[in-house]
$ cat target-v4.csv   # CSV, C-alpha atoms
chain,number,residue,atom,x,y,z
A,213,MET,CA,24.8,-2.8,62.6
A,214,SER,CA,26.1,0.7,63.3
A,215,ARG,CA,24.1,3.8,62.6
A,216,ARG,CA,26.8,4.9,60.1
A,217,HIS,CA,26.6,1.6,58.2
A,218,ARG,CA,22.8,1.8,58.1
A,219,ARG,CA,23.0,5.2,56.5
A,220,ARG,CA,25.6,4.1,54.0
A,221,VAL,CA,23.8,1.0,52.7
A,222,PRO,CA,20.9,2.9,51.1
A,223,ILE,CA,23.4,5.1,49.3
A,224,LEU,CA,25.3,2.2,48.0
A,225,ARG,CA,22.1,0.5,46.9
A,226,ALA,CA,21.0,3.7,45.0
A,227,ILE,CA,24.4,3.9,43.3
A,228,ALA,CA,24.2,0.2,42.4
A,229,ARG,CA,20.7,0.7,41.0
A,230,TRP,CA,21.8,3.7,38.9
A,231,LEU,CA,24.8,1.8,37.5
A,232,LEU,CA,22.5,-1.2,36.7
A,233,ALA,CA,20.1,1.2,34.9
A,234,ALA,CA,23.0,2.6,32.9
A,235,LEU,CA,24.2,-0.9,32.0
A,236,LEU,CA,20.7,-1.8,30.8
A,237,LEU,CA,20.2,1.4,28.8
A,238,VAL,CA,23.6,1.0,27.0
A,239,ALA,CA,22.9,-2.7,26.4
A,240,GLY,CA,19.4,-1.9,25.1
A,241,ALA,CA,20.7,0.9,22.8
A,242,SER,CA,23.3,-1.6,21.4
A,243,HIS,CA,20.6,-4.1,20.6
A,244,LEU,CA,18.8,-1.4,18.6
A,245,THR,CA,21.8,0.0,16.8
A,246,TRP,CA,25.5,-1.0,16.4
A,247,GLY,CA,25.2,-4.5,17.9
A,248,ARG,CA,21.8,-5.5,16.4
A,249,ARG,CA,23.1,-7.7,13.6
A,250,GLY,CA,25.6,-9.4,15.9
A,251,TYR,CA,23.1,-10.2,18.6
A,252,ARG,CA,20.9,-12.2,16.2
A,253,ILE,CA,23.4,-15.1,16.5
A,254,VAL,CA,22.8,-15.2,20.2
A,255,VAL,CA,19.1,-16.0,19.8
A,256,PRO,CA,18.6,-19.8,20.0
A,257,ASP,CA,17.2,-21.4,16.9
A,258,TRP,CA,14.1,-22.6,18.9
A,259,ALA,CA,13.2,-19.0,20.1
A,260,PRO,CA,11.5,-17.9,16.8
A,261,ARG,CA,9.3,-21.1,16.9
A,262,VAL,CA,8.3,-20.5,20.5
A,263,THR,CA,7.7,-16.7,20.2
A,264,GLY,CA,6.5,-16.4,16.6
A,265,LEU,CA,9.0,-13.7,16.1
A,266,ASP,CA,12.1,-13.8,13.8
A,267,LYS,CA,15.6,-13.4,15.4
A,268,ASP,CA,15.8,-9.7,14.5
A,269,ALA,CA,12.5,-9.0,16.2
A,270,ILE,CA,13.6,-10.8,19.3
A,271,VAL,CA,16.8,-8.7,19.4
A,272,ILE,CA,14.8,-5.5,19.0
A,273,ALA,CA,12.3,-6.6,21.6
A,274,SER,CA,15.0,-7.5,24.1
A,275,GLY,CA,16.7,-4.2,23.5
A,276,ALA,CA,13.4,-2.3,24.0
A,277,VAL,CA,12.8,-4.3,27.3
A,278,GLU,CA,16.3,-3.4,28.5
A,279,ILE,CA,15.7,0.3,27.8
A,280,MET,CA,12.4,0.2,29.6
A,281,LEU,CA,13.8,-1.7,32.6
A,282,GLY,CA,16.8,0.7,32.8
A,283,ALA,CA,14.5,3.7,32.7
A,284,ALA,CA,12.1,2.2,35.3
A,285,LEU,CA,15.0,1.6,37.7
A,286,VAL,CA,15.5,5.4,37.7
A,287,ALA,CA,12.0,6.8,37.1
A,288,LEU,CA,10.0,4.6,39.4
A,289,PRO,CA,11.8,4.6,42.8
A,290,GLY,CA,8.5,3.7,44.5
A,291,GLU,CA,8.3,0.5,42.5
A,292,LYS,CA,12.0,-0.4,42.8
A,293,ARG,CA,11.3,-3.8,44.4
A,294,ARG,CA,9.0,-4.9,41.6
A,295,VAL,CA,11.3,-3.4,38.9
A,296,GLY,CA,14.2,-5.2,40.5
A,297,ALA,CA,12.3,-8.5,40.3
A,298,ALA,CA,11.5,-7.8,36.7
A,299,VAL,CA,15.2,-7.1,35.9
A,300,ALA,CA,16.2,-10.3,37.6
A,301,ALA,CA,13.6,-12.3,35.7
A,302,PHE,CA,14.8,-10.7,32.4
A,303,PHE,CA,18.4,-11.8,33.2
A,304,VAL,CA,17.1,-15.3,33.8
A,305,ALA,CA,15.0,-15.2,30.6
A,306,VAL,CA,18.0,-14.3,28.4
A,307,PHE,CA,20.3,-16.9,29.9
A,308,PRO,CA,19.4,-19.6,27.3
A,309,GLY,CA,20.7,-17.2,24.6
A,310,ASN,CA,24.0,-17.0,26.5
A,311,VAL,CA,24.2,-20.7,26.7
A,312,HIS,CA,23.4,-21.1,23.0
A,313,GLN,CA,26.1,-18.7,22.1
A,314,TRP,CA,28.7,-20.5,24.3
A,315,ARG,CA,27.7,-23.9,22.9
A,316,THR,CA,27.8,-22.8,19.3
A,317,GLY,CA,31.0,-20.8,19.7
A,318,ARG,CA,29.5,-17.9,17.7
A,319,SER,CA,30.9,-14.4,18.2
A,320,ALA,CA,28.8,-11.5,19.1
A,321,PRO,CA,29.7,-7.9,20.1
A,322,LEU,CA,32.2,-8.0,22.9
A,323,LEU,CA,32.1,-11.8,23.0
A,324,ARG,CA,34.5,-13.0,20.4
A,325,THR,CA,36.3,-15.8,22.2
A,326,ASP,CA,35.3,-19.0,23.9
A,327,ARG,CA,36.7,-17.7,27.1
A,328,ALA,CA,34.7,-14.5,27.0
A,329,ARG,CA,31.5,-16.5,26.2
A,330,LEU,CA,32.2,-18.8,29.1
A,331,ILE,CA,32.9,-16.0,31.5
A,332,ARG,CA,29.6,-14.4,30.4
A,333,LEU,CA,27.7,-17.4,31.7
A,334,PHE,CA,29.2,-17.0,35.1
A,335,LEU,CA,28.3,-13.3,35.2
A,336,GLN,CA,24.6,-13.9,34.9
A,337,PRO,CA,24.0,-15.0,38.6
A,338,PRO,CA,25.8,-11.8,39.9
A,339,LEU,CA,23.6,-9.7,37.6
A,340,VAL,CA,20.5,-11.3,39.1
A,341,ALA,CA,21.8,-10.7,42.6
A,342,TRP,CA,22.7,-7.1,41.7
A,343,ALA,CA,19.2,-6.5,40.5
A,344,LEU,CA,17.7,-7.9,43.6
A,345,TRP,CA,20.1,-6.3,46.1
A,346,SER,CA,20.1,-2.8,44.6
A,347,THR,CA,16.3,-2.7,44.7
A,348,ARG,CA,15.7,-4.1,48.2
A,349,PRO,CA,13.7,-1.8,50.4
A,350,ASP,CA,15.8,0.2,52.9
A,351,SER,CA,15.5,-1.3,56.4
A,352,ARG,CA,14.3,1.2,59.0
A,353,ARG,CA,14.5,0.7,62.7
$ encode --input "target-v4.csv" --output "structure tokens"
Amino acid sequence: MSRRHRRRVPILRAIARWLLAALLLVAGASHLTWGRRGYRIVVPDWAPRVTGLDKDAIVIASGAVEIMLGAALVALPGEKRRVGAAVAAFFVAVFPGNVHQWRTGRSAPLLRTDRARLIRLFLQPPLVAWALWSTRPDSRR
């Protein structure tokens, strides 16, 4: 790997981390405001039984977690590896809701067609990879 490439990768990772933080902050804000009602339908019917929370509380909690994770990506650079793992785990944890929405064909904010809901399923693995890659420690030789 060239010296120039080694200098560029940490910058690209930092940009990717900041973009991921922005995505999480906007998504979290939407869960707490304009999209809150629409996101309730994404919550699988079994989730309230498992968590003891109603669907609205689950939407609020997931929005709060998204905001905290987005803020942590920016505010805690020394913990970026752990925060990245937490973000990746969060993306895995919400995947059943995405599957539920696709299977039931219910519309939610920005996901009003079967095609959009199906594409959303395939975006989850790249989101997990993005979280892990953008928070990897910089290699130093």
$ residues_near_point --input "target-v4.csv" --point "(14.3, -3.7, 40.1)" --cutoff "7 Å" --atoms "all atoms listed in the file" --output "PyMOL selection string"
chain A and resi 285+292-299+343-344+347
$ atom_distance --input "target-v4.csv" --atom1 "atom CA of Arg249 of chain A" --atom2 "atom CA of Asp268 of chain A"
7.6 Å
$ atom_distance --input "target-v4.csv" --atom1 "atom CA of Gly247 of chain A" --atom2 "atom CA of Val271 of chain A"
9.5 Å
$ atom_distance --input "target-v4.csv" --atom1 "atom CA of Phe307 of chain A" --atom2 "atom CA of Gly250 of chain A"
16.7 Å
$ closest_residue --input "target-v4.csv" --among "A:Gln336, A:Thr325, A:Ser319, A:Gln313" --to "Ala300 of chain A" --atoms "all atoms listed in the file"
A:Gln336
$ residues_near_point --input "target-v4.csv" --point "(15.9, 1.4, 48.8)" --cutoff "8 Å" --atoms "only C-alpha atoms" --output "PyMOL selection string"
chain A and resi 222+225-226+289+292+346-350
$ residues_around --input "target-v4.csv" --residues "Leu236 of chain A" --least-positions-apart "5" --cutoff "12 Å" --atoms "all atoms listed in the file" --output "VMD selection string"
chain A and resid 229 to 231 241 to 243 274 to 286 299 to 300 302 to 303 339 343
$ write_last_selection --input "target-v4.csv" --atoms "C-alpha atoms" --output "compact mmCIF listing (two decimals), keeping the file's coordinate frame"
# COMPACT_ATOMS: atom_id res chain seq x y z
CA ARG A 229 20.70 0.70 41.00
CA TRP A 230 21.80 3.70 38.90
CA LEU A 231 24.80 1.80 37.50
CA ALA A 241 20.70 0.90 22.80
CA SER A 242 23.30 -1.60 21.40
CA HIS A 243 20.60 -4.10 20.60
CA SER A 274 15.00 -7.50 24.10
CA GLY A 275 16.70 -4.20 23.50
CA ALA A 276 13.40 -2.30 24.00
CA VAL A 277 12.80 -4.30 27.30
CA GLU A 278 16.30 -3.40 28.50
CA ILE A 279 15.70 0.30 27.80
CA MET A 280 12.40 0.20 29.60
CA LEU A 281 13.80 -1.70 32.60
CA GLY A 282 16.80 0.70 32.80
CA ALA A 283 14.50 3.70 32.70
CA ALA A 284 12.10 2.20 35.30
CA LEU A 285 15.00 1.60 37.70
CA VAL A 286 15.50 5.40 37.70
CA VAL A 299 15.20 -7.10 35.90
CA ALA A 300 16.20 -10.30 37.60
CA PHE A 302 14.80 -10.70 32.40
CA PHE A 303 18.40 -11.80 33.20
CA LEU A 339 23.60 -9.70 37.60
CA ALA A 343 19.20 -6.50 40.50
